[in-house]
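**Student:** Structure below; questions to follow.
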Amino acid sequence: MVTKKSQFQKSSEFYNLIYQNKDSYGEAAYIDKFIKRFKKNTQKILELGCGTGRHLLEMLKLGYKVKGIDISNEMLKLIPKLDGVELECSDIVNFRSDIKFDVITALFHVVSYVNELDSLDNLFRNTKENLNKGGLFIFDIWFSPAVMNIMPSTRVMEVSNNNYEITRLAIPKIDYLKNIIQVDYKFFIFDKINKLNKTFEETHLMRHYSIPEIDSIAKKYGFEKLINEEWLTGNKPSNKTWGIVFIYKNEQ
């Protein structure tokens, strides 16, 4: 679980290269649209599971002060030290802040790294305590109907830059009883500079969630749901929608 130990210990230094084509700017703009719609005058944002800060730094460019927390100190070290950015190594489930935030985000399926319902309950309880009244909690998850319809399959990713050539093999295993996908990653790294090969493996546990599971815990802590849609497109969630976004307002 992400709350106990980072699942990116070995791959963190290659994370930005692996996701070099991910549109972090477009995703940040998508979140910014909701903030301007539902929580005008937002000043400071907390990002749970900020990783290497790809979204965090885009939100900074959009004019927000940002704080990022992540269980991986290796990833946090890759984020440049800039004015308006605060970082802390902590798990997302049990994090309590000394100050409250206008908006809290958990992006790129971070919440799906929370594998148990009691941990998700703790996440919502602590997030509520960290939010101002009227503040927003914005996150996306793997959506159960789509995961079970499309079914995970073995995939190969190949990326490179001036320093490395990387091949990543992702092999999924399905736990139907716990709604968890175990993804076994195999990395093959070629260091172009030193002419060296390196291989390693990582296992990531991802839980897919249904809308009623999320809504029931949110309701328990007095959150009002504002948005529930397909990530980025705005389409209605369906059994073809692997990733969906939730936006809740802290009403109490």
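The chains in the structure tokens are called A, B, ... from first to last as shown; in each chain the residues are counted from 1, and the ligands are counted from 1 in the order shown.
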Per residue of segment 52-78 of chain A within 10 Å of segment 12-15 of chain A, note the shortest atom pair and the distance in Å to one decimal, counting only C-alpha atoms, and order the rows by chain and increasing residue number, as CSV.
**Tutor:**
residue,atom,partner,partner_atom,distance
A:Thr52,CA,A:Tyr15,CA,7.6
A:Ser72,CA,A:Ser12,CA,8.2
A:Asn73,CA,A:Ser12,CA,9.5
A:Glu74,CA,A:Ser12,CA,6.5
A:Met75,CA,A:Ser12,CA,5.7
A:Leu76,CA,A:Ser12,CA,9.4
A:Lys77,CA,A:Glu13,CA,9.6
A:Leu78,CA,A:Glu13,CA,7.8
**Student:** For Glu201 of chain A, work out the shell of residues within 10 Å, counting only C-alpha atoms and skipping chain neighbours fewer than 6 positions away, then give it as a list in words.
**Tutor:**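 After dropping sequence-adjacent residues, the list is Lys10, Ser11, Arg168, Leu169, Ala170, Asp184, Tyr185, Lys186, Phe187 and Phe188 of chain A.
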**Student:** For those residues, write all heavy atoms to a file as a short mmCIF file (atom, residue, chain, number, x, y, z; two decimals), in the first residue's frame.
**Tutor:**
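File written: out_2.cif
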data_model
loop_
_atom_site.label_atom_id
_atom_site.label_comp_id
_atom_site.auth_asym_id
_atom_site.auth_seq_id
_atom_site.Cartn_x
_atom_site.Cartn_y
_atom_site.Cartn_z
N LYS A 10 12.40 1.74 -6.91
CA LYS A 10 13.42 1.46 -7.90
C LYS A 10 13.27 2.30 -9.16
O LYS A 10 14.26 2.61 -9.83
CB LYS A 10 13.40 -0.02 -8.26
CG LYS A 10 13.74 -0.94 -7.09
CD LYS A 10 13.65 -2.41 -7.50
CE LYS A 10 13.94 -3.34 -6.34
NZ LYS A 10 13.82 -4.77 -6.73
N SER A 11 12.04 2.67 -9.49
CA SER A 11 11.79 3.33 -10.78
C SER A 11 11.69 4.85 -10.69
O SER A 11 11.54 5.52 -11.71
CB SER A 11 10.49 2.80 -11.40
OG SER A 11 9.37 3.13 -10.60
N ARG A 168 9.69 -1.25 -20.58
CA ARG A 168 8.95 -1.64 -19.37
C ARG A 168 7.85 -2.62 -19.75
O ARG A 168 7.00 -2.32 -20.58
CB ARG A 168 8.34 -0.42 -18.67
CG ARG A 168 7.73 -0.75 -17.32
CD ARG A 168 6.99 0.44 -16.73
NE ARG A 168 5.74 0.69 -17.44
CZ ARG A 168 4.85 1.63 -17.09
NH1 ARG A 168 5.09 2.41 -16.05
NH2 ARG A 168 3.76 1.80 -17.79
N LEU A 169 7.88 -3.76 -19.13
CA LEU A 169 6.86 -4.78 -19.33
C LEU A 169 5.93 -4.78 -18.12
O LEU A 169 6.39 -4.85 -16.98
CB LEU A 169 7.52 -6.15 -19.47
CG LEU A 169 6.63 -7.36 -19.76
CD1 LEU A 169 5.95 -7.21 -21.12
CD2 LEU A 169 7.45 -8.64 -19.72
N ALA A 170 4.61 -4.66 -18.37
CA ALA A 170 3.61 -4.64 -17.30
C ALA A 170 2.74 -5.88 -17.41
O ALA A 170 2.05 -6.08 -18.42
CB ALA A 170 2.75 -3.38 -17.40
N ASP A 184 2.81 -6.44 -12.12
CA ASP A 184 4.23 -6.75 -11.99
C ASP A 184 4.98 -6.10 -13.15
O ASP A 184 4.77 -6.45 -14.32
CB ASP A 184 4.46 -8.26 -12.00
CG ASP A 184 3.85 -8.94 -10.79
OD1 ASP A 184 3.89 -8.34 -9.69
OD2 ASP A 184 3.33 -10.06 -10.94
N TYR A 185 5.83 -5.13 -12.80
CA TYR A 185 6.61 -4.42 -13.81
C TYR A 185 8.01 -5.01 -13.90
O TYR A 185 8.66 -5.27 -12.88
CB TYR A 185 6.73 -2.94 -13.46
CG TYR A 185 5.46 -2.14 -13.61
CD1 TYR A 185 4.77 -1.67 -12.50
CD2 TYR A 185 4.97 -1.83 -14.88
CE1 TYR A 185 3.61 -0.92 -12.64
CE2 TYR A 185 3.81 -1.09 -15.04
CZ TYR A 185 3.13 -0.64 -13.91
OH TYR A 185 1.99 0.10 -14.05
N LYS A 186 8.48 -5.18 -15.12
CA LYS A 186 9.86 -5.56 -15.37
C LYS A 186 10.51 -4.46 -16.21
O LYS A 186 10.01 -4.11 -17.28
CB LYS A 186 9.93 -6.91 -16.09
CG LYS A 186 9.39 -8.07 -15.25
CD LYS A 186 9.56 -9.40 -15.96
CE LYS A 186 9.06 -10.55 -15.10
NZ LYS A 186 9.22 -11.87 -15.78
N PHE A 187 11.60 -3.91 -15.70
CA PHE A 187 12.29 -2.81 -16.36
C PHE A 187 13.61 -3.30 -16.94
O PHE A 187 14.38 -4.00 -16.28
CB PHE A 187 12.59 -1.69 -15.36
CG PHE A 187 11.37 -0.94 -14.88
CD1 PHE A 187 10.60 -1.44 -13.84
CD2 PHE A 187 11.02 0.26 -15.45
CE1 PHE A 187 9.49 -0.75 -13.39
CE2 PHE A 187 9.92 0.97 -15.01
CZ PHE A 187 9.14 0.46 -13.97
N PHE A 188 13.85 -2.89 -18.17
CA PHE A 188 15.12 -3.17 -18.84
C PHE A 188 15.71 -1.82 -19.24
O PHE A 188 15.18 -1.13 -20.12
CB PHE A 188 14.90 -4.06 -20.06
CG PHE A 188 14.18 -5.35 -19.75
CD1 PHE A 188 12.80 -5.41 -19.78
CD2 PHE A 188 14.90 -6.48 -19.41
CE1 PHE A 188 12.14 -6.60 -19.49
CE2 PHE A 188 14.25 -7.67 -19.12
CZ PHE A 188 12.86 -7.73 -19.15
#
**Student:** Select, from A:Glu86, A:Asp23, A:Glu229, A:Asp102, the residue with the minimum atom-to-atom distance to Gln43 of chain A, counting only C-alpha atoms.
**Tutor:**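 Closest residue, counting only C-alpha atoms: A:Asp102.
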**Student:** Which residue is closest to Phe223 of chain A? Choose from A:Glu88, A:Glu251, A:Asp140, A:Glu58 and count only C-alpha atoms.
**Tutor:**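 For Phe223 of chain A, the nearest of the given residues is A:Glu251.
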**Student:** Would you please work out which residue, of A:Ile174, A:Leu136, A:Ile99, A:Val66, is nearest to Ile227 of chain A when using only C-alpha atoms?
**Tutor:**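 Distance minimum relative to Ile227 of chain A lands on A:Leu136.
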**Student:** I need the strand (DSSP E) residues of segment 42-244 of chain A per DSSP on the backbone, written as a PyMOL selection string.
**Tutor:** chain A and resi 44-48+65-70+85-89+101-106+131-143+155-160+164-175+180-191+196-209+223-230+243-244
**Student:** Do you know which residues are at most 9 Å from segment 127-130 of chain A counting only C-alpha atoms, after dropping those on the same chain fewer than 4 positions away, and could you put them as a PyMOL selection string?
**Tutor:** chain A and resi 46+92-102+104+122-123+135+137+221-223+250+252
**Student:** Please dump the current selection as a PDB file, in the first residue's frame; keep N, CA, C and O atoms.
**Tutor:**
ATOM      1  N   LEU A  46      -3.085  21.564  -1.812  1.00  0.00           N
ATOM      2  CA  LEU A  46      -2.334  20.416  -1.329  1.00  0.00           C
ATOM      3  C   LEU A  46      -2.510  19.278  -2.318  1.00  0.00           C
ATOM      4  O   LEU A  46      -3.641  18.926  -2.664  1.00  0.00           O
ATOM      5  N   ILE A  92      -0.276   9.459   2.388  1.00  0.00           N
ATOM      6  CA  ILE A  92      -1.452  10.284   2.095  1.00  0.00           C
ATOM      7  C   ILE A  92      -2.638   9.953   2.988  1.00  0.00           C
ATOM      8  O   ILE A  92      -3.503  10.803   3.213  1.00  0.00           O
ATOM      9  N   VAL A  93      -2.705   8.744   3.509  1.00  0.00           N
ATOM     10  CA  VAL A  93      -3.884   8.310   4.257  1.00  0.00           C
ATOM     11  C   VAL A  93      -3.957   8.975   5.627  1.00  0.00           C
ATOM     12  O   VAL A  93      -5.024   9.412   6.073  1.00  0.00           O
ATOM     13  N   ASN A  94      -2.817   9.075   6.309  1.00  0.00           N
ATOM     14  CA  ASN A  94      -2.806   9.550   7.687  1.00  0.00           C
ATOM     15  C   ASN A  94      -2.307  10.978   7.839  1.00  0.00           C
ATOM     16  O   ASN A  94      -2.136  11.452   8.965  1.00  0.00           O
ATOM     17  N   PHE A  95      -2.096  11.683   6.730  1.00  0.00           N
ATOM     18  CA  PHE A  95      -1.523  13.024   6.797  1.00  0.00           C
ATOM     19  C   PHE A  95      -2.479  14.022   7.437  1.00  0.00           C
ATOM     20  O   PHE A  95      -3.646  14.131   7.041  1.00  0.00           O
ATOM     21  N   ARG A  96      -1.991  14.750   8.428  1.00  0.00           N
ATOM     22  CA  ARG A  96      -2.722  15.858   9.049  1.00  0.00           C
ATOM     23  C   ARG A  96      -1.862  17.114   8.952  1.00  0.00           C
ATOM     24  O   ARG A  96      -0.679  17.096   9.299  1.00  0.00           O
ATOM     25  N   SER A  97      -2.471  18.193   8.530  1.00  0.00           N
ATOM     26  CA  SER A  97      -1.746  19.446   8.320  1.00  0.00           C
ATOM     27  C   SER A  97      -2.011  20.429   9.455  1.00  0.00           C
ATOM     28  O   SER A  97      -3.079  20.419  10.074  1.00  0.00           O
ATOM     29  N   ASP A  98      -1.029  21.291   9.701  1.00  0.00           N
ATOM     30  CA  ASP A  98      -1.202  22.354  10.697  1.00  0.00           C
ATOM     31  C   ASP A  98      -2.055  23.490  10.153  1.00  0.00           C
ATOM     32  O   ASP A  98      -2.578  24.299  10.919  1.00  0.00           O
ATOM     33  N   ILE A  99      -2.162  23.568   8.831  1.00  0.00           N
ATOM     34  CA  ILE A  99      -2.997  24.593   8.211  1.00  0.00           C
ATOM     35  C   ILE A  99      -4.023  23.917   7.311  1.00  0.00           C
ATOM     36  O   ILE A  99      -3.880  22.756   6.947  1.00  0.00           O
ATOM     37  N   LYS A 100      -5.056  24.653   6.943  1.00  0.00           N
ATOM     38  CA  LYS A 100      -6.088  24.109   6.063  1.00  0.00           C
ATOM     39  C   LYS A 100      -5.899  24.653   4.646  1.00  0.00           C
ATOM     40  O   LYS A 100      -5.325  25.734   4.448  1.00  0.00           O
ATOM     41  N   PHE A 101      -6.419  23.907   3.692  1.00  0.00           N
ATOM     42  CA  PHE A 101      -6.243  24.229   2.278  1.00  0.00           C
ATOM     43  C   PHE A 101      -7.596  24.481   1.619  1.00  0.00           C
ATOM     44  O   PHE A 101      -8.630  23.964   2.068  1.00  0.00           O
ATOM     45  N   ASP A 102      -7.571  25.260   0.536  1.00  0.00           N
ATOM     46  CA  ASP A 102      -8.790  25.511  -0.236  1.00  0.00           C
ATOM     47  C   ASP A 102      -9.123  24.333  -1.136  1.00  0.00           C
ATOM     48  O   ASP A 102     -10.293  24.036  -1.379  1.00  0.00           O
ATOM     49  N   ILE A 104      -7.677  20.222  -2.238  1.00  0.00           N
ATOM     50  CA  ILE A 104      -6.786  19.076  -2.094  1.00  0.00           C
ATOM     51  C   ILE A 104      -7.000  18.164  -3.299  1.00  0.00           C
ATOM     52  O   ILE A 104      -8.134  17.839  -3.646  1.00  0.00           O
ATOM     53  N   ASN A 122     -10.024   6.491   6.247  1.00  0.00           N
ATOM     54  CA  ASN A 122      -9.062   7.362   6.927  1.00  0.00           C
ATOM     55  C   ASN A 122      -8.637   8.525   6.040  1.00  0.00           C
ATOM     56  O   ASN A 122      -8.463   9.656   6.507  1.00  0.00           O
ATOM     57  N   LEU A 123      -8.457   8.243   4.760  1.00  0.00           N
ATOM     58  CA  LEU A 123      -8.073   9.288   3.817  1.00  0.00           C
ATOM     59  C   LEU A 123      -9.121  10.392   3.777  1.00  0.00           C
ATOM     60  O   LEU A 123      -8.792  11.584   3.839  1.00  0.00           O
ATOM     61  N   GLY A 135     -14.116  23.884   0.843  1.00  0.00           N
ATOM     62  CA  GLY A 135     -12.975  23.454   0.053  1.00  0.00           C
ATOM     63  C   GLY A 135     -13.290  22.231  -0.798  1.00  0.00           C
ATOM     64  O   GLY A 135     -14.270  21.514  -0.557  1.00  0.00           O
ATOM     65  N   PHE A 137     -12.182  18.564  -2.762  1.00  0.00           N
ATOM     66  CA  PHE A 137     -11.344  17.377  -2.844  1.00  0.00           C
ATOM     67  C   PHE A 137     -11.523  16.804  -4.243  1.00  0.00           C
ATOM     68  O   PHE A 137     -12.620  16.384  -4.621  1.00  0.00           O
ATOM     69  N   TYR A 221     -18.580  11.709   5.772  1.00  0.00           N
ATOM     70  CA  TYR A 221     -17.818  12.839   6.289  1.00  0.00           C
ATOM     71  C   TYR A 221     -18.351  14.195   5.804  1.00  0.00           C
ATOM     72  O   TYR A 221     -17.648  15.202   5.892  1.00  0.00           O
ATOM     73  N   GLY A 222     -19.573  14.199   5.323  1.00  0.00           N
ATOM     74  CA  GLY A 222     -20.231  15.461   5.013  1.00  0.00           C
ATOM     75  C   GLY A 222     -19.787  16.124   3.730  1.00  0.00           C
ATOM     76  O   GLY A 222     -19.905  17.351   3.586  1.00  0.00           O
ATOM     77  N   PHE A 223     -19.294  15.342   2.771  1.00  0.00           N
ATOM     78  CA  PHE A 223     -18.918  15.902   1.482  1.00  0.00           C
ATOM     79  C   PHE A 223     -20.115  15.899   0.535  1.00  0.00           C
ATOM     80  O   PHE A 223     -20.878  14.931   0.481  1.00  0.00           O
ATOM     81  N   ASN A 250     -16.418  20.228   0.698  1.00  0.00           N
ATOM     82  CA  ASN A 250     -16.501  20.072   2.158  1.00  0.00           C
ATOM     83  C   ASN A 250     -17.555  21.034   2.697  1.00  0.00           C
ATOM     84  O   ASN A 250     -17.310  22.222   2.862  1.00  0.00           O
ATOM     85  N   GLN A 252     -19.290  20.898   5.660  1.00  0.00           N
ATOM     86  CA  GLN A 252     -19.430  21.079   7.121  1.00  0.00           C
ATOM     87  C   GLN A 252     -18.177  21.652   7.756  1.00  0.00           C
ATOM     88  O   GLN A 252     -17.104  21.503   7.217  1.00  0.00           O
TER      89      GLN A 252
END
**Student:** Rounded to one decimal place, report the atom CA of Asn163 of chain A-atom CA of Phe190 of chain A distance in Å.
**Tutor:**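 Between atom CA of Asn163 of chain A and atom CA of Phe190 of chain A the gap is 8.4 Å.
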**Student:** Record the distance separating atom CA of Thr42 of chain A and atom CA of Lys81 of chain A, expressed in Å with one decimal.
**Tutor:**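 The value is 22.1 Å.
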